[in-house]
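Engineer: Following this message is one structure expressed as structure tokens.
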Amino acid sequence: MEEKKTSIICLLKILEENTDENHILTQPELLEMLNSRYGLDLDRRTLYKNITMLSDLGYEISDYKDNGKGYYLLGRQFEKSEVFLLANTIHSSNFIPKKASKELIDKLLDTQSRFVKNDFHNMVFIENGAKKENKEFFYNIEQLSEAIKEKKTIRFEYTKYNTSKQLVNKREEPYFISPYYLVTYLDRVYMVGKSDHHPDFTHYRVDRMKGIKLTDRPYVYLNKDEDPYQYSKARMYMYNGEIKRIAIKCDNSMLDDVIDTFGNDITIDSNGGSFTAYVSSSLQGMVYFALQYIEHMEVLEPQELRDQIKKALAIGQDKYR
């Protein structure tokens with residue numbers, strides 16, 4: 001009786017690890033694997049009952065009627081394309097430490113056959129040397145998620161690099177923030193929140209935070225008209241500062257980049273070989289954007305932003321004389 005109870009679990013494991021649409025196992029092969037791997041001596045009738053039971057439980061199993069060859073697991077928790085997309089995203093994400101990336105990818109690949117695992121490892125052959133070895137990263141995520149859920153103010157230290165490439169505290173006194181959301185922007189994860197002595201939103205890189213603790217300090221609640229997502233969207237490159245409406249004139253070749261950066265809800269006026277876009281952003285973020293595309297765009301307004309760009313260009317010109 002005990003053998004019959006465990007045989008269905010062992011059968012599922014064999015189907016998960018050793019079958020897909022390109023690797024189909026016949027009934028004799030399944031019986032042989034159950035015997036050699038798990039010491040289970042089943043007859044064909046018991047094997048068929050187990051397959052029927054798995055199907056009744058919701059597992060999609062292709063059989064002889066479908067493919068004319070044998071059995072394989074048809075439906076999985078994730079499609080192969082979904083696993084490859086997620087695994088490649090994790091591998092290329094610099095903010096996820098190397099060890100944690102491997103563990104996450106292995107968990108995703110465990111939902112597939114061993115053949116798919118080999119395909120992925122054969123495709124990803126470049127070591128990502130830009131990954132940060134921040135052992136506190138996932139601990140930070142857990143603490144921040146708990147604080148957001150429980151509406152708790154957090155205490156933490158914030159770090160920056162010194163010339164020895166070591167992370168050191170940015171200031172001696174700790175930070176106290178009421179966190180609202182975790183957002184990802186340009187391959188970095190930020191915590192968006194407020195302090196009890198500053199009315200506006202602020203944000204901090206999660207990989208630069210350390211020693212996060214939940215506190216009993218009064219929590220600063222959001223007003224109904226405050227939207228942290230709009231805050232994050234308007235902070236290009238996550239620069240702080242007042243949000244301004246900005247007019248930029250761009251070559252048509254920049255249209256994809258402008259829409260990718262600012263989204264579809266911007267206003268665009270076409271002018272033949274160029275277009276004028278009206279966007280919202282912090283001035284510092286727009287200075288950085290404008291300097292990247294200096295040959296293909298011009299800031300039309302506000303004047304204070306034009307002045308900042310002219311000043312940056314003048315400093316750059318002096319350095320490269």
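Here's how to read the names in the structure tokens: chain A, B, ... by the order shown, residue numbers from 1 in each chain, ligand numbers from 1 in the order shown.
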Taking the DSSP assignment computed from this structure's backbone, write out as a PDB file with C-alpha atoms, in the first residue's frame all residues of stretch 111-276 of chain A that belong to strand (DSSP E).
Structural biologist:
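The file below, states21.pdb, is the result:
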ATOM      1  CA  ILE A 154      11.878  52.258   9.358  1.00  0.00           C
ATOM      2  CA  ARG A 155      15.324  53.165  10.632  1.00  0.00           C
ATOM      3  CA  PHE A 156      18.339  52.492   8.403  1.00  0.00           C
ATOM      4  CA  GLU A 157      21.815  53.587   7.381  1.00  0.00           C
ATOM      5  CA  TYR A 158      22.545  54.744   3.843  1.00  0.00           C
ATOM      6  CA  THR A 159      25.878  54.104   2.147  1.00  0.00           C
ATOM      7  CA  LYS A 160      28.044  55.431  -0.683  1.00  0.00           C
ATOM      8  CA  TYR A 161      31.370  54.388  -2.210  1.00  0.00           C
ATOM      9  CA  LEU A 167      30.667  51.224   0.868  1.00  0.00           C
ATOM     10  CA  VAL A 168      30.674  53.595   3.835  1.00  0.00           C
ATOM     11  CA  ASN A 169      27.892  55.418   5.681  1.00  0.00           C
ATOM     12  CA  TYR A 175      17.519  57.838   8.451  1.00  0.00           C
ATOM     13  CA  PHE A 176      13.874  57.484   9.488  1.00  0.00           C
ATOM     14  CA  ILE A 177      11.388  57.010   6.625  1.00  0.00           C
ATOM     15  CA  SER A 178       7.783  55.865   6.185  1.00  0.00           C
ATOM     16  CA  PRO A 179       8.021  53.517   3.157  1.00  0.00           C
ATOM     17  CA  TYR A 180       5.220  53.211   0.563  1.00  0.00           C
ATOM     18  CA  TYR A 181       6.461  51.350  -2.510  1.00  0.00           C
ATOM     19  CA  LEU A 182       9.371  49.467  -4.032  1.00  0.00           C
ATOM     20  CA  VAL A 183      10.007  50.505  -7.644  1.00  0.00           C
ATOM     21  CA  THR A 184      12.516  49.294 -10.217  1.00  0.00           C
ATOM     22  CA  TYR A 185      14.129  51.823 -12.550  1.00  0.00           C
ATOM     23  CA  ARG A 188      17.983  49.448  -9.679  1.00  0.00           C
ATOM     24  CA  VAL A 189      15.395  48.950  -6.948  1.00  0.00           C
ATOM     25  CA  TYR A 190      14.281  52.013  -4.998  1.00  0.00           C
ATOM     26  CA  MET A 191      12.203  52.483  -1.865  1.00  0.00           C
ATOM     27  CA  VAL A 192       9.822  55.448  -2.179  1.00  0.00           C
ATOM     28  CA  GLY A 193       8.658  57.037   1.066  1.00  0.00           C
ATOM     29  CA  LYS A 194       8.426  60.160   3.225  1.00  0.00           C
ATOM     30  CA  THR A 202      11.928  60.800  -1.325  1.00  0.00           C
ATOM     31  CA  HIS A 203      13.651  57.626  -2.522  1.00  0.00           C
ATOM     32  CA  TYR A 204      16.648  55.456  -1.658  1.00  0.00           C
ATOM     33  CA  ARG A 205      18.417  52.637  -3.474  1.00  0.00           C
ATOM     34  CA  MET A 209      20.514  50.570   2.552  1.00  0.00           C
ATOM     35  CA  LYS A 210      21.685  48.558   5.539  1.00  0.00           C
ATOM     36  CA  GLY A 211      20.582  47.758   9.066  1.00  0.00           C
ATOM     37  CA  ILE A 212      16.873  48.260   8.315  1.00  0.00           C
ATOM     38  CA  LYS A 213      14.733  48.081  11.458  1.00  0.00           C
ATOM     39  CA  LEU A 214      11.014  48.628  11.963  1.00  0.00           C
ATOM     40  CA  ILE A 243       8.737  68.411 -11.417  1.00  0.00           C
ATOM     41  CA  LYS A 244       8.456  70.824 -14.348  1.00  0.00           C
ATOM     42  CA  ARG A 245       6.653  70.724 -17.686  1.00  0.00           C
ATOM     43  CA  ILE A 246       9.346  70.746 -20.358  1.00  0.00           C
ATOM     44  CA  ALA A 247       9.229  71.262 -24.121  1.00  0.00           C
ATOM     45  CA  ILE A 248      11.886  69.503 -26.204  1.00  0.00           C
ATOM     46  CA  LYS A 249      12.483  69.635 -29.950  1.00  0.00           C
ATOM     47  CA  CYS A 250      13.905  66.385 -31.324  1.00  0.00           C
ATOM     48  CA  ASP A 251      14.945  64.785 -34.600  1.00  0.00           C
ATOM     49  CA  THR A 267       1.944  65.397 -26.112  1.00  0.00           C
ATOM     50  CA  ILE A 268       3.802  65.341 -29.449  1.00  0.00           C
ATOM     51  CA  ASP A 269       3.594  67.893 -32.286  1.00  0.00           C
ATOM     52  CA  SER A 270       5.113  66.772 -35.591  1.00  0.00           C
ATOM     53  CA  SER A 274      11.462  66.850 -36.268  1.00  0.00           C
ATOM     54  CA  PHE A 275       8.879  66.884 -33.489  1.00  0.00           C
ATOM     55  CA  THR A 276       8.205  68.797 -30.291  1.00  0.00           C
TER      56      THR A 276
END
Engineer: Of the residues A:Val116, A:Val279, A:Leu108, A:Ile96, which is the one nearest to A:Tyr139, using only C-alpha atoms?
Structural biologist: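 Nearest to A:Tyr139: A:Ile96.
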Engineer: Please, which residues of stretch 16-132 of chain A, numbered as in this document, come out alpha helix (DSSP H) from DSSP, as number ranges by chain?
Structural biologist: A: 16-18, 27-38, 44-56, 64-67, 80-92, 98-109, 114-123
Engineer: Closest to A:Lys13 among A:Lys149, A:Arg37, A:Lys107, A:Arg45, using only C-alpha atoms?
Structural biologist: A:Arg37
Engineer: Find the spatial neighbours of A:Asp265, counting only C-alpha atoms, within a cut-off of 12 Å - ignore same-chain residues fewer than 3 positions away - and output them as a list in words.
Structural biologist: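 The residues that qualify are Lys233, Val258, Ile259, Asp260, Thr261, Phe262, Ile268, Ala277, Tyr278, Val279 and Ser280 of chain A.
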Engineer: Within 12 Å of A:Leu313, counting only C-alpha atoms, which residues qualify if same-chain residues fewer than 6 places away don't, as a PyMOL selection string?
Structural biologist: chain A and resi 287-288+290-292+294+306-307+319-320
Engineer: Using only C-alpha atoms, which residues sit within 12 Å of A:Phe115 once same-chain residues fewer than 5 positions away are excluded, as a PyMOL selection string?
Structural biologist: chain A and resi 16-24+80+109-110+120-122
Engineer: Only C-alpha atoms, please: the residues just picked out, written as a tab-separated table (two decimals), in the first residue's frame.
Structural biologist:
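So the final result, stored in again13.tsv, reads:
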chain	number	residue	atom	x	y	z
A	16	GLU	CA	8.76	16.61	-14.77
A	17	GLU	CA	12.50	15.99	-15.07
A	18	ASN	CA	12.75	13.73	-18.10
A	19	THR	CA	9.95	14.54	-20.54
A	20	ASP	CA	8.83	17.31	-22.85
A	21	GLU	CA	7.48	17.50	-26.41
A	22	ASN	CA	10.89	16.42	-27.76
A	23	HIS	CA	11.56	13.72	-25.16
A	24	ILE	CA	8.73	11.20	-24.85
A	80	LYS	CA	9.71	27.41	-21.53
A	109	LEU	CA	14.54	25.81	-14.09
A	110	ASP	CA	13.27	23.17	-11.65
A	120	PHE	CA	19.49	27.53	-20.73
A	121	HIS	CA	22.96	26.93	-19.30
A	122	ASN	CA	24.32	26.48	-22.83
Engineer: Nearest to A:Gln308 among A:Leu11, A:Leu283, A:Phe289, A:Gln27, with distances taken over only C-alpha atoms: which residue is it?
Structural biologist: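 With only C-alpha atoms as the atom set, the closest residue is A:Leu283.
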Engineer: Given only C-alpha atoms as the basis, pick out the residue of A:Glu226, A:Asp56, A:Glu298, A:Val206 nearest to A:Asn140.
Structural biologist: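 Under the stated criterion, the closest residue is A:Val206.
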Engineer: Given only C-alpha atoms as the basis, pick out the residue of A:Lys151, A:Lys310, A:Lys165, A:Lys69 nearest to A:Arg217.
Structural biologist: A:Lys151
